[in-house]
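Pasted below: target38.txt, compact mmCIF, C-alpha atoms and all ligand atoms.
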```txt
# COMPACT_ATOMS: atom_id res chain seq x y z
CA MET E 122 0.00 0.00 0.00
CA PRO E 123 1.47 3.43 -0.88
CA ALA E 124 2.43 5.56 2.15
CA PRO E 125 -0.26 8.15 2.89
CA ARG E 126 0.65 11.56 1.47
CA LYS E 127 1.76 13.99 4.14
CA ARG E 128 -0.67 16.80 4.83
CA ARG E 129 0.74 20.09 3.49
CA TYR E 130 -0.17 23.38 5.19
CA ALA E 131 -0.14 26.48 3.03
CA ALA E 132 -1.08 30.16 3.23
CA THR E 133 -0.76 33.31 1.12
CA ALA E 134 -0.67 37.04 1.87
CA VAL E 135 -0.80 39.95 -0.55
CA THR E 136 -0.10 43.49 0.57
CA PRO E 137 0.07 46.80 -1.32
CA PHE E 138 3.70 48.02 -1.23
CA SER E 139 4.38 50.85 -3.65
CA LYS E 140 8.14 51.07 -2.89
CA VAL E 141 8.72 47.32 -3.02
CA GLU E 142 11.52 47.54 -5.60
CA ALA E 143 13.54 49.94 -3.45
CA PHE E 144 13.30 47.67 -0.41
CA LEU E 145 13.67 44.31 -2.13
CA GLU E 146 17.43 43.81 -1.82
CA PRO E 147 17.72 44.56 1.94
CA ILE E 148 14.57 42.52 2.59
CA LEU E 149 16.05 39.46 0.87
CA ALA E 150 19.37 39.97 2.68
CA SER E 151 17.61 40.25 6.04
CA ILE E 152 15.51 37.13 5.45
CA ALA E 153 18.67 35.27 4.40
CA THR E 154 20.48 36.10 7.65
CA HIS E 155 17.87 34.11 9.60
CA ASP E 156 19.17 30.68 8.59
CA ILE E 157 17.19 30.76 5.32
CA SER E 158 18.55 30.15 1.85
CA VAL E 159 17.20 32.45 -0.86
CA GLN E 160 17.00 31.47 -4.51
CA ARG E 161 15.65 33.39 -7.47
CA LEU E 162 13.25 31.29 -9.56
CA GLY E 163 12.12 33.25 -12.59
CA GLY E 164 10.01 36.13 -11.33
CA ARG E 165 9.88 35.05 -7.70
CA PHE E 166 12.16 34.16 -4.80
CA GLU E 167 12.12 30.86 -2.96
CA PHE E 168 13.12 30.51 0.70
CA GLN E 169 14.20 27.21 2.22
CA SER E 170 13.98 27.39 6.00
CA PRO E 171 14.00 24.94 8.93
CA TYR E 172 10.23 25.56 9.18
CA GLY E 173 9.26 24.92 5.56
CA VAL E 174 9.41 26.70 2.23
CA GLY E 175 8.33 30.25 1.38
CA PHE E 176 7.96 32.35 -1.75
CA LEU E 177 8.05 36.09 -2.43
CA GLU E 178 6.84 37.85 -5.55
CA ALA E 179 7.29 41.57 -5.99
CA THR E 180 5.13 43.03 -8.72
CA ALA E 181 4.25 46.63 -9.49
CA GLY E 182 3.02 48.06 -6.22
CA GLN E 183 2.42 44.83 -4.37
CA LEU E 184 4.14 42.07 -2.46
CA ARG E 185 2.87 38.52 -2.44
CA LEU E 186 4.08 35.98 0.13
CA SER E 187 3.26 32.30 0.33
CA VAL E 188 4.36 29.57 2.72
CA GLU E 189 4.14 25.77 2.72
CA THR E 190 5.08 23.28 5.41
CA ASP E 191 4.39 19.71 6.58
CA ASN E 192 4.46 20.86 10.19
CA ARG E 193 1.27 22.64 11.25
CA HIS E 194 2.98 23.94 14.40
CA ALA E 195 5.66 25.62 12.27
CA LEU E 196 3.23 27.40 9.92
CA ASN E 197 3.10 30.62 11.92
CA ARG E 198 6.84 30.56 12.64
CA LEU E 199 7.39 30.32 8.88
CA LYS E 200 5.12 33.32 8.28
CA HIS E 201 7.07 35.19 10.95
CA ALA E 202 10.39 34.31 9.24
CA LEU E 203 9.18 36.44 6.29
CA VAL E 204 6.94 39.04 7.92
CA GLY E 205 9.45 39.82 10.71
CA PRO E 206 12.39 40.93 8.51
CA ILE E 207 10.08 42.67 5.99
CA SER E 208 8.35 44.68 8.73
CA PHE E 209 11.74 45.54 10.27
CA ILE E 210 13.40 46.69 7.06
CA ALA E 211 10.32 48.57 5.81
CA ALA E 212 9.24 49.81 9.25
CA GLY E 213 8.13 53.19 7.88
CA GLU E 214 5.73 51.58 5.39
CA ALA E 215 3.44 50.08 8.09
CA LEU E 216 2.65 47.05 5.91
CA GLN E 217 -0.35 44.89 6.87
CA PHE E 218 -0.26 41.19 5.99
CA GLU E 219 -3.65 39.46 5.84
CA TRP E 220 -3.18 35.74 5.29
CA THR E 221 -5.58 33.36 3.60
CA GLY E 222 -5.25 29.56 3.62
CA ASP E 223 -4.53 27.16 6.46
CA GLU E 224 -4.49 28.42 10.01
CA ALA E 225 -2.74 27.00 13.05
CA GLY E 226 -4.05 29.35 15.76
CA LEU E 227 -1.75 30.72 18.45
CA THR E 228 1.39 28.53 18.44
CA PRO E 229 4.55 28.44 20.55
CA LEU E 230 7.81 29.50 18.87
CA GLU E 231 9.34 26.37 17.35
CA ASP E 232 12.86 27.58 18.04
CA LEU E 233 12.38 28.81 21.63
CA ARG E 234 14.50 27.10 24.28
CA ILE E 235 14.70 27.98 27.96
CA LEU E 236 18.06 28.71 29.56
CA ARG E 237 18.85 28.94 33.25
CA VAL E 238 21.87 30.83 34.60
CA ARG E 239 24.43 28.37 35.94
CA ARG E 240 27.28 30.73 36.76
CA THR E 241 28.57 34.26 36.09
CA ALA E 242 32.19 35.39 35.79
CA GLN E 243 33.60 38.91 35.45
CA LEU E 244 36.20 38.34 32.67
CA THR E 245 37.36 41.97 32.67
CA PRO E 246 35.95 45.12 34.32
CA ARG E 247 33.57 45.49 31.31
CA MET E 248 32.99 41.94 30.10
CA LEU E 249 30.64 39.65 32.00
CA ARG E 250 30.40 35.98 31.03
CA ILE E 251 27.18 34.13 31.80
CA GLY E 252 27.13 30.35 31.58
CA PHE E 253 23.63 28.92 31.02
CA GLU E 254 22.22 25.42 31.14
CA GLY E 255 19.36 24.20 28.98
CA GLU E 256 17.90 21.24 27.13
CA ASP E 257 17.56 20.40 23.45
CA LEU E 258 20.11 23.03 22.36
CA ALA E 259 21.43 21.21 19.26
CA ARG E 260 19.83 23.71 16.86
CA PHE E 261 22.14 26.44 18.24
CA ASP E 262 25.34 24.43 17.75
CA ARG E 263 26.28 25.96 14.39
CA ASN E 264 29.51 27.62 13.34
CA ASP E 265 27.67 29.18 10.39
CA GLN E 266 24.93 30.78 12.55
CA LEU E 267 26.45 32.55 15.53
CA HIS E 268 23.77 34.87 16.83
CA CYS E 269 20.58 34.51 18.83
CA ARG E 270 17.84 36.60 20.41
CA LEU E 271 17.52 36.45 24.19
CA ILE E 272 14.22 37.00 25.99
CA PHE E 273 14.83 38.22 29.53
CA GLN E 274 12.52 36.99 32.30
CA PRO E 275 12.18 39.09 35.44
CA LYS E 276 14.18 37.94 38.43
CA ASP E 277 12.37 35.50 40.75
CA VAL E 278 9.58 34.93 38.21
CA VAL E 279 7.24 32.23 39.50
CA SER E 280 5.40 31.20 36.32
CA PRO E 281 7.43 32.44 33.34
CA GLN E 282 5.33 33.40 30.31
CA TRP E 283 6.73 33.09 26.81
CA PRO E 284 5.58 34.66 23.54
CA SER E 285 3.60 32.82 20.85
CA ILE E 286 2.95 33.53 17.17
CA ASP E 287 -0.45 34.21 15.67
CA ASP E 288 -1.87 33.45 12.22
CA ARG E 289 -0.54 36.76 10.88
CA GLY E 290 3.01 35.71 11.78
CA HIS E 291 3.13 38.29 14.57
CA ILE E 292 4.62 37.72 18.01
CA VAL E 293 1.99 37.79 20.75
CA TRP E 294 2.97 38.43 24.35
CA PRO E 295 0.95 36.89 27.17
CA GLN E 296 -1.39 39.49 28.75
CA ARG E 297 0.22 41.94 26.32
CA ARG E 298 3.20 42.19 28.67
CA LYS E 299 6.17 42.39 26.31
CA LEU E 300 9.43 41.16 27.79
CA ASP E 301 12.75 42.76 26.92
CA THR E 302 14.72 41.02 24.18
CA ARG E 303 18.16 41.70 22.64
CA VAL E 304 20.49 40.07 20.12
CA TYR E 305 23.69 38.40 21.37
CA THR E 306 26.42 36.11 20.04
CA ILE E 307 26.65 32.53 21.24
CA ARG E 308 30.23 32.56 22.56
CA SER E 309 30.33 28.79 23.07
CA ILE E 310 27.99 25.84 23.23
CA ASP E 311 28.31 22.25 24.47
CA VAL E 312 25.15 20.37 23.55
CA PRO E 313 25.86 17.06 25.37
CA LYS E 314 26.51 18.99 28.57
CA GLY E 315 23.54 21.31 27.97
CA GLU E 316 25.74 24.42 28.31
CA LEU E 317 25.70 27.70 26.40
CA THR E 318 27.80 30.80 27.11
CA ILE E 319 27.18 34.46 26.30
CA ASP E 320 29.64 37.31 26.92
CA PHE E 321 27.92 40.61 27.81
CA ALA E 322 29.86 43.82 27.17
CA LEU E 323 28.78 46.18 29.95
CA HIS E 324 28.19 49.80 28.99
CA ASP E 325 27.37 53.02 30.82
CA ARG E 326 23.85 53.71 29.52
CA ALA E 327 22.82 50.20 30.50
CA GLY E 328 19.60 49.14 28.81
CA PRO E 329 17.47 46.16 29.89
CA ALA E 330 19.90 43.49 28.62
CA THR E 331 22.90 44.95 30.42
CA ARG E 332 20.88 45.53 33.61
CA TRP E 333 19.61 41.94 33.48
CA ALA E 334 23.13 40.57 33.00
CA ILE E 335 24.61 42.62 35.86
CA ALA E 336 21.90 41.41 38.23
CA ALA E 337 21.96 37.79 37.00
CA SER E 338 22.52 34.97 39.45
CA ALA E 339 22.20 31.18 39.37
CA GLY E 340 18.69 30.05 38.46
CA ASP E 341 17.59 33.18 36.55
CA LEU E 342 15.75 32.43 33.31
CA VAL E 343 16.18 33.61 29.76
CA GLY E 344 14.59 32.42 26.52
CA ILE E 345 16.72 31.94 23.42
CA VAL E 346 15.50 31.91 19.80
CA GLY E 347 17.45 31.47 16.59
CA PRO E 348 20.17 30.89 15.58
CA ALA E 349 20.80 33.55 12.94
CA ALA E 350 23.22 35.75 11.15
CA ASP E 351 25.96 33.72 9.45
CA GLY E 352 29.52 32.85 10.40
CA PRO E 353 32.82 32.72 8.56
CA ARG E 354 33.31 30.95 5.25
CA PRO E 355 36.44 29.14 4.03
CA ALA E 356 39.14 31.57 2.83
CA GLY E 357 42.89 31.93 2.48
CA PHE E 358 42.89 35.37 4.12
CA TYR E 359 40.66 36.69 6.93
CA VAL E 360 40.02 40.11 8.38
CA LEU E 361 37.93 40.17 11.55
CA ALA E 362 36.95 43.49 13.12
CA GLY E 363 34.78 44.42 16.06
CA ASP E 364 34.36 46.44 19.20
CA GLU E 365 33.46 44.86 22.56
CA THR E 366 30.19 43.58 21.10
CA GLY E 367 32.02 41.91 18.21
CA LEU E 368 34.66 40.40 20.50
CA PRO E 369 32.63 37.27 21.45
CA GLY E 370 32.12 36.44 17.78
CA ILE E 371 35.75 37.13 16.88
CA ALA E 372 36.98 34.99 19.81
CA ARG E 373 34.76 32.11 18.73
CA ILE E 374 35.76 32.35 15.07
CA LEU E 375 39.49 32.52 15.93
CA GLU E 376 39.17 29.35 18.01
CA ASN E 377 37.62 27.51 15.08
CA LEU E 378 39.76 28.67 12.15
CA ASP E 379 42.17 26.19 10.59
CA SER E 380 45.63 26.37 12.17
CA ASP E 381 47.13 27.65 8.89
CA ALA E 382 44.64 30.55 8.52
CA ARG E 383 46.21 33.94 7.74
CA GLY E 384 45.01 37.49 8.23
CA PHE E 385 44.16 40.05 10.90
CA ALA E 386 41.81 40.40 13.87
CA PHE E 387 41.13 43.93 15.17
CA VAL E 388 39.33 44.42 18.46
CA GLU E 389 38.50 47.89 19.77
CA ILE E 390 38.37 48.08 23.59
CA GLY E 391 37.93 50.85 26.17
CA GLY E 392 41.29 50.22 27.86
CA LEU E 393 44.03 47.64 28.11
CA SER E 394 42.36 46.04 31.15
CA GLU E 395 39.73 44.79 28.64
CA LYS E 396 42.19 42.55 26.77
CA LEU E 397 41.31 38.86 26.90
CA PRO E 398 43.59 35.91 26.24
CA LEU E 399 42.37 34.73 22.82
CA ALA E 400 43.46 31.50 21.16
CA HIS E 401 44.21 32.18 17.47
CA PRO E 402 46.15 30.69 14.55
CA ALA E 403 49.76 31.91 14.38
CA GLY E 404 49.10 33.42 10.95
CA ILE E 405 46.36 35.72 12.26
CA GLN E 406 47.73 38.93 13.73
CA LEU E 407 45.59 39.97 16.69
CA GLN E 408 45.60 43.72 17.38
CA TRP E 409 43.88 45.39 20.33
CA LEU E 410 42.81 48.94 19.51
CA ASP E 411 42.76 50.93 22.75
CA ARG E 412 40.23 53.78 22.94
CA GLN E 413 42.17 55.08 25.96
CA GLY E 414 39.03 56.05 27.77
CA ALA E 415 37.22 57.66 24.81
CA GLN E 416 33.50 56.86 24.65
CA PRO E 417 32.61 53.71 22.67
CA GLY E 418 31.41 54.45 19.16
CA THR E 419 33.35 57.74 18.91
CA THR E 420 36.74 56.79 17.43
CA SER E 421 37.93 55.81 13.95
CA HIS E 422 40.23 53.02 15.23
CA LEU E 423 38.39 50.14 13.56
CA VAL E 424 37.92 51.95 10.26
CA ASP E 425 41.60 52.95 10.16
CA ALA E 426 42.70 49.41 11.01
CA VAL E 427 40.61 47.80 8.26
CA ARG E 428 41.84 50.40 5.76
CA SER E 429 45.47 49.67 6.70
CA VAL E 430 45.30 46.02 5.59
CA ALA E 431 47.19 44.98 2.45
CA TRP E 432 44.54 42.63 1.03
CA PRO E 433 45.55 39.90 -1.41
CA SER E 434 44.52 40.65 -4.97
CA ASP E 435 42.30 37.54 -5.02
CA ARG E 436 39.23 38.96 -3.26
CA GLN E 437 37.37 35.67 -3.80
CA ASP E 438 39.84 34.00 -1.43
CA SER E 439 39.43 36.70 1.26
CA PHE E 440 36.78 36.94 3.95
CA PHE E 441 35.66 39.74 6.26
CA TRP E 442 33.63 39.24 9.45
CA GLY E 443 32.66 42.08 11.74
CA GLY E 444 30.28 43.61 14.27
CA CYS E 445 30.46 47.08 15.83
CA GLU E 446 28.70 50.43 16.36
CA HIS E 447 26.62 51.73 13.47
CA LYS E 448 28.84 54.63 12.37
CA ALA E 449 32.01 52.51 12.09
CA PHE E 450 29.89 49.79 10.48
CA ARG E 451 28.73 52.15 7.75
CA GLN E 452 32.20 53.52 7.09
CA ILE E 453 33.83 50.09 6.92
CA HIS E 454 30.99 48.75 4.78
CA ARG E 455 31.41 51.62 2.33
CA TYR E 456 35.15 50.95 2.13
CA LEU E 457 34.71 47.20 1.56
CA ARG E 458 32.12 47.78 -1.16
CA ASN E 459 33.31 50.90 -2.97
CA GLU E 460 37.09 50.85 -2.63
CA LEU E 461 38.06 47.26 -1.93
CA HIS E 462 35.30 45.76 -4.12
CA LEU E 463 34.98 42.80 -1.76
CA PRO E 464 32.17 40.61 -3.13
CA ARG E 465 29.06 40.46 -0.94
CA GLU E 466 29.38 36.73 -0.39
CA ARG E 467 32.90 37.27 0.99
CA GLN E 468 31.71 39.27 4.00
CA VAL E 469 29.43 38.92 7.01
CA PHE E 470 29.05 42.25 8.77
CA TYR E 471 26.41 43.59 11.17
CA SER E 472 25.68 46.87 12.87
CA HIS E 473 25.59 45.69 16.50
CA TRP E 474 24.37 48.86 18.21
CA HIS E 475 23.80 52.56 17.70
CA ARG E 476 25.47 55.25 19.77
CA THR E 477 22.31 57.25 20.39
CA LEU E 478 19.58 54.62 19.99
CA SER E 479 18.35 51.68 22.07
CA GLU E 480 17.25 48.57 20.20
CA GLU E 481 13.60 49.70 20.36
CA ASP E 482 14.63 53.07 18.86
CA ILE E 483 16.53 51.25 16.09
CA ILE E 484 13.48 49.12 15.24
CA ALA E 485 11.25 52.22 15.18
CA ALA E 486 13.72 54.09 12.96
CA GLY E 487 14.06 51.14 10.56
CA ALA E 488 16.65 50.57 7.87
CA SER E 489 18.58 53.85 8.22
CA ALA E 490 19.61 52.99 11.80
CA TYR E 491 20.66 49.49 10.96
CA LEU E 492 21.68 49.04 7.34
CA PRO E 493 24.67 50.47 5.45
CA ASP E 494 23.99 53.52 3.27
C1 LIG E 501 24.14 40.35 15.65
C2 LIG E 501 24.47 40.98 16.98
C3 LIG E 501 25.30 40.32 17.89
C4 LIG E 501 25.62 40.92 19.11
N1 LIG E 501 26.42 40.24 20.01
C5 LIG E 501 26.73 40.81 21.21
C6 LIG E 501 27.50 40.11 22.19
O1 LIG E 501 27.86 38.94 22.03
N2 LIG E 501 27.81 40.75 23.35
C7 LIG E 501 27.39 42.03 23.59
O2 LIG E 501 27.71 42.57 24.65
N3 LIG E 501 26.62 42.70 22.70
C8 LIG E 501 26.27 42.12 21.53
N4 LIG E 501 25.48 42.79 20.64
C9 LIG E 501 25.10 44.17 20.94
C10 LIG E 501 23.92 44.29 21.89
O3 LIG E 501 22.79 43.63 21.33
C11 LIG E 501 23.62 45.79 22.07
O4 LIG E 501 24.72 46.44 22.64
C12 LIG E 501 22.36 46.04 22.86
O5 LIG E 501 21.91 47.33 22.51
C13 LIG E 501 22.55 46.02 24.37
O6 LIG E 501 21.28 46.15 24.94
P1 LIG E 501 20.98 47.07 26.21
O7 LIG E 501 19.62 46.66 26.67
O8 LIG E 501 22.09 47.02 27.19
O9 LIG E 501 20.97 48.55 25.62
P2 LIG E 501 19.82 49.35 24.71
O10 LIG E 501 18.57 49.43 25.56
O11 LIG E 501 19.71 48.66 23.44
O12 LIG E 501 20.48 50.73 24.61
C14 LIG E 501 20.52 51.66 25.72
C15 LIG E 501 21.56 52.74 25.44
O13 LIG E 501 22.84 52.15 25.46
C16 LIG E 501 23.58 52.44 24.27
N5 LIG E 501 24.34 51.20 23.94
C17 LIG E 501 23.84 50.00 23.50
N6 LIG E 501 24.84 49.11 23.36
C18 LIG E 501 25.98 49.76 23.71
C19 LIG E 501 27.35 49.35 23.77
N7 LIG E 501 27.76 48.11 23.47
N8 LIG E 501 28.25 50.27 24.20
C20 LIG E 501 27.89 51.54 24.53
N9 LIG E 501 26.59 51.97 24.49
C21 LIG E 501 25.67 51.08 24.09
C22 LIG E 501 22.53 52.83 23.22
O14 LIG E 501 23.03 53.80 22.34
C23 LIG E 501 21.42 53.41 24.08
O15 LIG E 501 21.66 54.78 24.27
C24 LIG E 501 25.13 42.20 19.43
C25 LIG E 501 24.26 42.83 18.52
C26 LIG E 501 23.94 42.23 17.31
C27 LIG E 501 23.00 42.96 16.36
```

Write out the structure in this file as structure tokens.
Ligand SMILES: Cc1cc2nc3c(=O)[nH]c(=O)nc-3n(C[C@H](O)[C@H](O)[C@H](O)COP(=O)(O)OP(=O)(O)OC[C@H]3O[C@@H](n4cnc5c(N)ncnc54)[C@H](O)[C@@H]3O)c2cc1C
Amino acid sequence: MPAPRKRRYAATAVTPFSKVEAFLEPILASIATHDISVQRLGGRFEFQSPYGVGFLEATAGQLRLSVETDNRHALNRLKHALVGPISFIAAGEALQFEWTGDEAGLTPLEDLRILRVRRTAQLTPRMLRIGFEGEDLARFDRNDQLHCRLIFQPKDVVSPQWPSIDDRGHIVWPQRRKLDTRVYTIRSIDVPKGELTIDFALHDRAGPATRWAIAASAGDLVGIVGPAADGPRPAGFYVLAGDETGLPGIARILENLDSDARGFAFVEIGGLSEKLPLAHPAGIQLQWLDRQGAQPGTTSHLVDAVRSVAWPSDRQDSFFWGGCEHKAFRQIHRYLRNELHLPRERQVFYSHWHRTLSEEDIIAAGASAYLPD
């Protein structure tokens, strides 16, 4: 007897979007950073994701999305994987997605795992390491997807509430009480032991993430979703650049590069007491760029360092990875694109924070506070 055909769940949304052409490239790039492969198929784009497959068609003045999955519970997460980045990149357009097709109702986030603080350690005056324990963490054990979003529970919470996703692909918070969330880099992970480590760079205008980390003690809870945002790719020559927020990613990448890797790693820090012992291949020159007390996000150290590199002529064999404040991000991005002509697939680079904006402000401002110019 033939095996019964698997039930397929599908839905479609069409929304008016007059400026769709102008936003298309950053939208596709943003979707792709969330562990989704993007392929152009004739007039539309196909997305392969851990939750199922999606499609995007941009025609004059409108955007059409469709999703298909075997897993009913993942249907809304799949919608969110498209609607989330689109709404973020085109925040000013206030797009409304009305879906038709199958519905799953309010569903838990497929990728949410719960972490509990096991220990904290002050690595330097400004770098706090938190070691977490959790179950079923294998999905985060990826050297090609380094980042995650943390959901901070209040201290001493008795019955922790976690967000769900509705049929529009929107996050819904229990009793409309939104918890604070921020993006961090997974510094290390040991799935068999159920351990995951995050390094928090502490800063003066501490927002909710930094306050949570400073107050954290054994047993405190945090949710983790993801992973996202790409890691290094094979290359003969690497340049890694970041401030304190890029340091966890750089440290992790350096530990995992082949022993014969060549290149440079630049890390901007507030003072020499922030230096950490980093394992790295002998052929990678590690340089600490000391701000000497200047405010973070105010110097040109990282930009100057990246500009000083004598890159090999074969750009296809080079790779850049970085994460830092938005202004340096934009300047370095402009240099890599316009002067160095480093191909897009030979770089992974994110704006990690903005000198005058909290993460909520960045989301409200949209692309200009987050993307390169
Ligand atoms: C992909 C990615 C990976 C990241 N990985 C890490 C990581 O591993 N470790 C890490 O520490 N950070 C990391 N960050 C940066 C972190 O998410 C931001 O610094 C975040 O804004 C901190 O949240 P908060 O609640 O403390 O401050 P917010 O509430 O977001 O901001 C409050 C105020 O603090 C300022 N501010 C925010 N961050 C900094 C900073 N680093 N230095 C100085 N002022 C700041 C803002 O301008 C604002 O005025 C990462 C960011 C991204 C996008």

- Counting all atoms listed in the file, which protein, DNA or RNA residues come within 9 Å of ligand LIG 501 (chain E), given as number ranges by chain? E: 248-249, 267-270, 301-308, 319-334, 349-350, 364-370, 416-418, 444-446, 470-483, 491

- Which is closer to Gly357 of chain E than all the others in E:Gly175, E:Gly384, E:Gly226, E:Gly414, using only C-alpha atoms?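 Among the listed residues, E:Gly384 lies closest to Gly357 of chain E.
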
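Counting all atoms listed in the file and comparing E:Ser434, E:Ser439, E:Thr318, E:Ser309, the residue that lies closest to Thr241 of chain E is E:Thr318.
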
- Task: Please measure the separation of atom CA of Pro171 of chain E and atom CA of Ile148 of chain E, giving the value in Å to one decimal.
- Result: 18.7 Å

- Got a sec: who's within 10 Å of Ser285 of chain E, counting all atoms listed in the file, leaving out chain neighbours fewer than 2 positions off, as a list of chain:residue names?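 Once the adjacent positions are removed, what remains is E:Asn197, E:Arg198, E:Gly226, E:Leu227, E:Thr228, E:Pro229, E:Leu230, E:Glu231, E:Leu233, E:Gln282, E:Trp283, E:Asp287, E:Gly290, E:His291, E:Ile292, E:Val293, E:Trp294, E:Pro295.
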
- Tell me which protein, DNA and RNA residues are within 12 Å of Ala337 of chain E, counting all atoms listed in the file, leaving out same-chain ones fewer than 5 positions away, and put them as a VMD selection string. chain E and resid 237 to 243 249 to 253 273 to 277 321 329 to 332 342 to 343

- Query: Please, which residues are within 12 Å of (44.2, 41.6, 36.3) by the file's coordinates, counting only C-alpha atoms, and could they come as a count of residues only?
  - Reply: 10

Would you compute, for all listed atoms of segment 282-301 of chain E, the axis-aligned bounding box grown by 8 Å on each side, and then report its centre and edge lengths in Å rounded to one decimal, as lines of an AutoDock Vina configuration file?
```
center_x = 5.4
center_y = 37.8
center_z = 20.6
size_x = 30.6
size_y = 25.9
size_z = 35.4
```

- Just give me the gap between atom CA of Phe385 of chain E and atom CA of Ala403 of chain E in Å, one decimal is fine.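 Those two atoms sit 10.5 Å apart.
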
- Task: Name the residues, using the chain letters and numbers of the file, that sit within 9 Å of (43.5, 34.7, 15.7) when counting all atoms listed in the file, and give them as a PyMOL selection string.
- Result: chain E and resi 361+371-372+374-376+378+382-386+399-407

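Take the candidates E:Arg465, E:Lys200, E:His422, E:Lys314 and check each one against Gln452 of chain E using all atoms listed in the file; the shortest distance goes to E:His422.
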
- Message: I'd like the interatomic distance between atom CA of Ile152 of chain E and atom CA of Pro206 of chain E, to a tenth of an Å.
- Response: 5.8 Å

What lies within 6 Å of Ala132 of chain E using only C-alpha atoms, ignoring chain neighbours under 2 positions off, as a tab-separated table (two decimals) with C-alpha atoms, in the frame of the given file?
```tsv
chain	number	residue	atom	x	y	z
E	187	SER	CA	3.26	32.30	0.33
E	188	VAL	CA	4.36	29.57	2.72
E	221	THR	CA	-5.58	33.36	3.60
E	222	GLY	CA	-5.25	29.56	3.62
E	223	ASP	CA	-4.53	27.16	6.46
```

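Closest approach to Phe261 of chain E among E:Gly182, E:Pro348, E:Pro493, E:Pro137: E:Pro348, based on only C-alpha atoms.
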
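Nearest to Ser170 of chain E of all the residues E:Ile286, E:Val388, E:Glu146, E:Gly347 is E:Gly347, based on all atoms listed in the file.
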
- Using only C-alpha atoms, which residue out of E:Gly391, E:Pro147, E:Gly443, E:Pro281 lies closest to Val469 of chain E? E:Gly443

Can I get C-alpha atoms for segment 325-350 of chain E, as a PDB file, in the first residue's frame?
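Contents of the output file out-v9.pdb:
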```pdb
ATOM      1  CA  ASP E 325      27.367  53.021  30.824  1.00  0.00           C
ATOM      2  CA  ARG E 326      23.854  53.713  29.516  1.00  0.00           C
ATOM      3  CA  ALA E 327      22.815  50.204  30.502  1.00  0.00           C
ATOM      4  CA  GLY E 328      19.602  49.140  28.813  1.00  0.00           C
ATOM      5  CA  PRO E 329      17.474  46.163  29.889  1.00  0.00           C
ATOM      6  CA  ALA E 330      19.901  43.492  28.624  1.00  0.00           C
ATOM      7  CA  THR E 331      22.896  44.952  30.417  1.00  0.00           C
ATOM      8  CA  ARG E 332      20.883  45.533  33.612  1.00  0.00           C
ATOM      9  CA  TRP E 333      19.614  41.937  33.477  1.00  0.00           C
ATOM     10  CA  ALA E 334      23.133  40.572  32.998  1.00  0.00           C
ATOM     11  CA  ILE E 335      24.615  42.622  35.863  1.00  0.00           C
ATOM     12  CA  ALA E 336      21.900  41.407  38.234  1.00  0.00           C
ATOM     13  CA  ALA E 337      21.959  37.785  36.995  1.00  0.00           C
ATOM     14  CA  SER E 338      22.521  34.969  39.455  1.00  0.00           C
ATOM     15  CA  ALA E 339      22.198  31.182  39.365  1.00  0.00           C
ATOM     16  CA  GLY E 340      18.689  30.046  38.460  1.00  0.00           C
ATOM     17  CA  ASP E 341      17.592  33.184  36.546  1.00  0.00           C
ATOM     18  CA  LEU E 342      15.752  32.425  33.313  1.00  0.00           C
ATOM     19  CA  VAL E 343      16.184  33.611  29.763  1.00  0.00           C
ATOM     20  CA  GLY E 344      14.590  32.421  26.518  1.00  0.00           C
ATOM     21  CA  ILE E 345      16.723  31.940  23.416  1.00  0.00           C
ATOM     22  CA  VAL E 346      15.502  31.908  19.803  1.00  0.00           C
ATOM     23  CA  GLY E 347      17.451  31.467  16.587  1.00  0.00           C
ATOM     24  CA  PRO E 348      20.168  30.892  15.584  1.00  0.00           C
ATOM     25  CA  ALA E 349      20.797  33.548  12.943  1.00  0.00           C
ATOM     26  CA  ALA E 350      23.224  35.749  11.154  1.00  0.00           C
TER      27      ALA E 350
END
```
